[in-house]
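For reference, the structure discussed in these notes is given below.
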Amino acid sequence: MLTPVIAVAADEPVTTFVLDNGMQVVVVEDHRAPVVQHMVWYRAGSADEPKGSSGVAHFLEHLLFKATDTLEAGELSATVAANGGRDNAFTSYDYTAYYQRIAADRLELMMRMESDRMRNIRLTPENIETERDVIIEERNSRTENNPRALFSEQMNAVQYHNHRYGVPIIGWMHEMETLDMEDALSFYDIYYSPNNAILVVSGDVTPENVRTLADKYYGVIPANPDLPERTRTKEPPQTAERRLIFKDARVSQAYVSRSYLAPERDSGAQDTAAALTMLAEVLGGGTTSYLTEKLQFDTQDAVYSGAFYRGTSLDDTTFDLIVVPAPGVSLQEIEDAMDAALAQFMTDGVDPEQLERLKAQLRAQQIYARDNVDGIAQRYGSGLTSGLTVEDIQAWPDALAAVTEADIMAAAKMVFNREASVTGWLMQEEEATQ
């Protein structure tokens with residue numbers, strides 16, 4: 001039986017139900033265009049990988065575009081394209097997701113193919129060799145050839161003492177080079193099962209039709225009775241501020257980055273995450289933010305400043321600051337200026353008028369987001385695989401709207417703990433030797 005419709009707004013009716021094999025299904029109706037986004041999210045990302053096999057979640061994502069018992073390698077994507085749609089997949093710390101965006105009357109075809117590769121993957125040694133080379137080349141092009149990416153990778157590795165969030169999603173090169181058939185199939189057999197998956201369908205559909213098709217294609221796949229509890233290594237108390245200097249001759253613009261360990265959005269208790277979200281907006285969310293006013297306009301020490309918080313995370317996340325010095329300003333000087341601005345912010349507090357403007361902007365963004373079936377599916381899929389419920393996701397706009405100036409300052413006092421922080425300098429090789 002379908003659960004009652006629970007809506008964020010009248011134009012975003014959401015229905016959720018669970019198949020007999022444990023697969024959760026979320027349906028978001030939008031009948032304004034005959035388009036559907038079909039997504040399968042697995043509660044398995046790079047942070048769920050066994051030690052020594054970093055990159056296997058992303059490796060497996062690539063391999064799922066190879067052959068199955070009924071589809072040849074590349075046939076799924078070719079079929080989607082031939083029907084006027086597009087498809088892809090992506091891996092993060094807490095999830096791996098596969099999607100197709102296509103005409104609504106092709107939904108059954110998408111379910112047939114996607115459910116097929118949930119359990120019927122057919123790999124060959126040649127597949128392993130080819131795709132291992134592909135992901136290694138991807139790391140070379142996106143990370144090894146990008147000093148900013150290498151710097152960010154080192155920042156994460158230093159931020160987390162014991163948690164897998166400190167390991168890059170794509171994997172460490174020396175471990176990627178050893179990934180084999182056994183690694184891929186072991187991860188697949190454990191995590192790629194209906195009781196570890198969430199089907200999100202958004203667009204021109206009805207819950208009844210989605211239920212019928214989901215039962216037909218996904219409901220016949222047996223649950224994995226040996227699915228392990230999703231446990232993660234825990235961070236010990238962080239009691240020492242850490243610093244790093246990353247030097248690379250390819251750096252075109254030096255800058256200072258700082259990350260603080262921060263709590264994530266927790267199911268049923270999103271108030272702190274909402275306050276941290278608003279803190280990031282107030283401090284570094286745009287041209288009228290506090291750091292921009294102080295560092296770019298008042299003192300002109302910086303050409304860019306920003307604050308970032310990614311609260312949708314299964315475990316503790318980070319609150320990040322970046323400042324890019326103006327010409328003639330050293331990294332030490334811009335770091336000191338950033339710290340002075342943060343100290344002044346703790347004294348000045350939040351401008352009530354600025355906070356109301358930010359809330360209005362966020363409300364507008366949320367309204368516009370309902371026009372995007374991709375974004376809707378992303379919001380529910382990433383939230384549900386990160387420990388939230390449908391009700392949490394629906395309550396998030398109200399949680400943001402309820403944040404007060406006092407809430408933001410309390411969040412700032414909590415998160416700006418230097419003992420749980422990493423400060424990094426990205427600089428050119430020659431700068432470091434002067």
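Chain labels A, B, ... are given in the sequence in which chains occur in the structure tokens; within each chain residues are numbered consecutively from 1, and ligands are likewise numbered from 1 in the order shown.
Neighbouring residues of Ala307 in chain A at 6 Å or closer, counting only C-alpha atoms and skipping chain neighbours under 3 positions away, are Ala280, Gly284, Asp320 and Leu321 of chain A.
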Item to check | DSSP-assigned strand (DSSP E) among range 217-408 of chain A, expressed as a PyMOL selection string | outcome: chain A and resi 242-247+255-262+302-309+317-325
Give one line per residue of range 180-240 of chain A that approaches range 79-99 of chain A to at most 10 Å, naming the two atoms of the closest pair and their distance in Å to one decimal, counting only C-alpha atoms; sort by chain then ascending residue number and deliver it as a tab-separated table.
```
residue	atom	partner	partner_atom	distance
A:Tyr192	CA	A:Thr96	CA	9.9
A:Ala197	CA	A:Ala97	CA	9.4
A:Ile198	CA	A:Ala97	CA	9.3
A:Leu199	CA	A:Ala97	CA	9.7
A:Val200	CA	A:Tyr99	CA	9.3
A:Val201	CA	A:Tyr99	CA	9.6
```
Could you dump the residues just selected with N, CA and C atoms as a CSV table (one decimal), in the first residue's frame?
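New file part.csv:
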```
chain,number,residue,atom,x,y,z
A,192,TYR,N,25.4,-4.0,-3.9
A,192,TYR,CA,24.5,-3.8,-5.0
A,192,TYR,C,23.3,-4.8,-4.9
A,197,ALA,N,19.4,-0.1,-1.8
A,197,ALA,CA,19.2,0.9,-2.9
A,197,ALA,C,18.0,1.7,-2.7
A,198,ILE,N,18.0,2.9,-3.3
A,198,ILE,CA,16.9,3.8,-3.3
A,198,ILE,C,16.6,4.1,-4.7
A,199,LEU,N,15.4,3.9,-5.1
A,199,LEU,CA,14.9,4.3,-6.5
A,199,LEU,C,14.2,5.7,-6.3
A,200,VAL,N,14.7,6.7,-7.1
A,200,VAL,CA,14.1,8.0,-7.1
A,200,VAL,C,13.6,8.3,-8.5
A,201,VAL,N,12.3,8.5,-8.7
A,201,VAL,CA,11.7,8.8,-10.0
A,201,VAL,C,11.0,10.2,-9.9
```
Checklist entry - Neighbours of Arg211 in chain A within 12 Å (only C-alpha atoms; same-chain residues fewer than 2 positions away dropped), as number ranges by chain? => result A: 1-3, 15-20, 23-27, 107-108, 111, 199-201, 205-209, 213-219
Please, could you write that set of residues out with N, CA, C and O atoms as a short mmCIF file (atom, residue, chain, number, x, y, z; two decimals), in the first residue's frame?
```cif
data_model
loop_
_atom_site.label_atom_id
_atom_site.label_comp_id
_atom_site.auth_asym_id
_atom_site.auth_seq_id
_atom_site.Cartn_x
_atom_site.Cartn_y
_atom_site.Cartn_z
N MET A 1 0.84 -1.19 0.00
CA MET A 1 0.00 0.00 0.00
C MET A 1 0.87 1.24 0.00
O MET A 1 1.88 1.32 0.71
N LEU A 2 0.51 2.25 -0.81
CA LEU A 2 1.27 3.48 -0.87
C LEU A 2 1.06 4.29 0.40
O LEU A 2 -0.03 4.31 0.98
N THR A 3 2.14 4.98 0.82
CA THR A 3 2.00 5.88 1.95
C THR A 3 1.28 7.14 1.50
O THR A 3 1.25 7.46 0.31
N THR A 15 5.70 10.88 -2.86
CA THR A 15 5.18 9.63 -2.34
C THR A 15 6.35 8.69 -2.12
O THR A 15 7.24 8.60 -2.96
N THR A 16 6.35 7.99 -1.01
CA THR A 16 7.42 7.04 -0.74
C THR A 16 6.85 5.72 -0.27
O THR A 16 5.83 5.68 0.42
N PHE A 17 7.48 4.63 -0.69
CA PHE A 17 7.05 3.30 -0.27
C PHE A 17 8.26 2.37 -0.35
O PHE A 17 9.32 2.74 -0.88
N VAL A 18 8.11 1.18 0.19
CA VAL A 18 9.19 0.20 0.22
C VAL A 18 8.70 -1.09 -0.42
O VAL A 18 7.62 -1.59 -0.08
N LEU A 19 9.48 -1.63 -1.34
CA LEU A 19 9.14 -2.91 -1.96
C LEU A 19 9.35 -4.05 -0.96
O LEU A 19 10.01 -3.89 0.06
N ASP A 20 8.79 -5.20 -1.27
CA ASP A 20 8.89 -6.34 -0.35
C ASP A 20 10.32 -6.77 -0.09
O ASP A 20 10.62 -7.33 0.96
N MET A 23 13.72 -2.47 -0.99
CA MET A 23 14.13 -1.32 -1.79
C MET A 23 13.20 -0.14 -1.54
O MET A 23 11.97 -0.26 -1.69
N GLN A 24 13.77 0.99 -1.18
CA GLN A 24 12.97 2.19 -0.95
C GLN A 24 12.72 2.89 -2.28
O GLN A 24 13.61 2.96 -3.14
N VAL A 25 11.52 3.41 -2.46
CA VAL A 25 11.15 4.11 -3.69
C VAL A 25 10.59 5.48 -3.32
O VAL A 25 9.76 5.59 -2.41
N VAL A 26 11.04 6.51 -4.01
CA VAL A 26 10.54 7.87 -3.83
C VAL A 26 10.07 8.38 -5.18
O VAL A 26 10.81 8.32 -6.17
N VAL A 27 8.85 8.87 -5.21
CA VAL A 27 8.26 9.39 -6.45
C VAL A 27 7.91 10.86 -6.23
O VAL A 27 7.19 11.20 -5.29
N LEU A 107 10.06 5.05 -19.37
CA LEU A 107 10.45 4.70 -18.01
C LEU A 107 10.59 3.18 -17.84
O LEU A 107 11.53 2.70 -17.20
N GLU A 108 9.68 2.41 -18.41
CA GLU A 108 9.75 0.96 -18.24
C GLU A 108 11.04 0.41 -18.83
O GLU A 108 11.69 -0.48 -18.24
N MET A 111 13.86 1.05 -16.36
CA MET A 111 13.83 0.15 -15.21
C MET A 111 14.30 -1.25 -15.60
O MET A 111 15.01 -1.91 -14.82
N LEU A 199 15.36 3.93 -5.15
CA LEU A 199 14.91 4.33 -6.47
C LEU A 199 14.20 5.67 -6.34
O LEU A 199 13.23 5.79 -5.57
N VAL A 200 14.69 6.67 -7.07
CA VAL A 200 14.06 7.99 -7.08
C VAL A 200 13.60 8.27 -8.49
O VAL A 200 14.41 8.28 -9.43
N VAL A 201 12.32 8.50 -8.67
CA VAL A 201 11.75 8.82 -9.97
C VAL A 201 11.05 10.15 -9.86
O VAL A 201 10.13 10.32 -9.04
N VAL A 205 5.15 11.30 -13.91
CA VAL A 205 4.81 9.93 -13.52
C VAL A 205 3.74 9.96 -12.45
O VAL A 205 3.47 11.00 -11.85
N THR A 206 3.15 8.81 -12.20
CA THR A 206 2.24 8.66 -11.06
C THR A 206 2.82 7.61 -10.13
O THR A 206 3.50 6.68 -10.58
N PRO A 207 2.56 7.72 -8.83
CA PRO A 207 3.07 6.72 -7.89
C PRO A 207 2.58 5.31 -8.23
O PRO A 207 3.33 4.34 -8.08
N GLU A 208 1.36 5.20 -8.68
CA GLU A 208 0.81 3.88 -8.98
C GLU A 208 1.57 3.21 -10.12
O GLU A 208 1.88 2.01 -10.07
N ASN A 209 1.87 3.98 -11.18
CA ASN A 209 2.59 3.41 -12.30
C ASN A 209 4.01 3.04 -11.91
O ASN A 209 4.52 1.98 -12.29
N LEU A 213 5.73 -0.79 -12.05
CA LEU A 213 6.97 -1.08 -12.78
C LEU A 213 8.08 -1.50 -11.82
O LEU A 213 8.87 -2.41 -12.13
N ALA A 214 8.16 -0.83 -10.68
CA ALA A 214 9.21 -1.17 -9.71
C ALA A 214 9.03 -2.59 -9.19
O ALA A 214 10.01 -3.34 -9.03
N ASP A 215 7.81 -2.97 -8.91
CA ASP A 215 7.55 -4.35 -8.48
C ASP A 215 7.96 -5.35 -9.56
O ASP A 215 8.53 -6.41 -9.27
N LYS A 216 7.67 -5.01 -10.82
CA LYS A 216 7.94 -5.92 -11.93
C LYS A 216 9.43 -6.13 -12.15
O LYS A 216 9.88 -7.25 -12.38
N TYR A 217 10.21 -5.04 -12.07
CA TYR A 217 11.62 -5.14 -12.44
C TYR A 217 12.57 -5.21 -11.24
O TYR A 217 13.52 -6.01 -11.26
N TYR A 218 12.34 -4.41 -10.22
CA TYR A 218 13.22 -4.44 -9.06
C TYR A 218 12.72 -5.40 -7.98
O TYR A 218 13.51 -6.00 -7.26
N GLY A 219 11.39 -5.52 -7.88
CA GLY A 219 10.82 -6.32 -6.80
C GLY A 219 11.13 -7.80 -6.87
O GLY A 219 11.05 -8.50 -5.86
#
```
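Closest to Glu429 in chain A among A:Gln253, A:Gln238, A:Asn417, A:Gln37 is A:Gln253, based on only C-alpha atoms.
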Checklist entry - Leaving out Ser252 in chain A and any residue of its chain fewer than 4 positions from it, which residues lie within 10 Å of it when counting only C-alpha atoms, given as number ranges by chain? => result A: 147-148, 248, 426-428
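Omitting Asp316 in chain A and its sequence neighbours fewer than 5 positions away, and counting only C-alpha atoms, the residues within 6 Å are Ala262, Pro263 and Glu264 of chain A.
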Next on the checklist: Restricting the calculation to only C-alpha atoms: of A:Gly203, A:Pro327, A:Gly383, A:Gly286, which residue gets closest to Arg357 in chain A?
Outcome noted: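 So, comparing all the options, the nearest one is A:Gly286.
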Next on the checklist: as a ChimeraX atom specification, please: every residue in range 27-138 of chain A that DSSP puts in helix (DSSP H, G or I).
Outcome noted: /A:46-48,56-63,75-82,104-119,125-138
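The space between CA of Glu405 in chain A and CA of Ile376 in chain A spans 29.2 Å.
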Item to check | Within 7 Å of Asp69 in chain A using only C-alpha atoms, minus same-chain residues under 5 positions, as a ChimeraX atom specification | outcome: /A:120-122
Checklist entry - Which of these residues is nearest to Lys51 in chain A, using only C-alpha atoms: A:Glu229, A:Asp398, A:Glu137, A:Glu175? => result A:Glu175
Checklist entry - From the list A:Met113, A:Ala149, A:Leu179, A:Val282, which residue is nearest Thr130 in chain A when using only C-alpha atoms? => result A:Leu179
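Shell of Glu126 in chain A at 12 Å, with only C-alpha atoms counted and residues fewer than 2 places along the chain excluded, is Leu63, Lys66, Ala67, Ala73, Arg122, Leu123, Thr124, Ile128, Glu129, Thr130, Glu131, Arg132, Asp133, Asp180 and Met181 of chain A.
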Item to check | A:Val210, A:Leu388, A:Ala406, A:Ala57 ranked by distance to Thr312 in chain A, top pick (using only C-alpha atoms) | outcome: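 Using only C-alpha atoms, the shortest distance to Thr312 in chain A belongs to A:Leu388.
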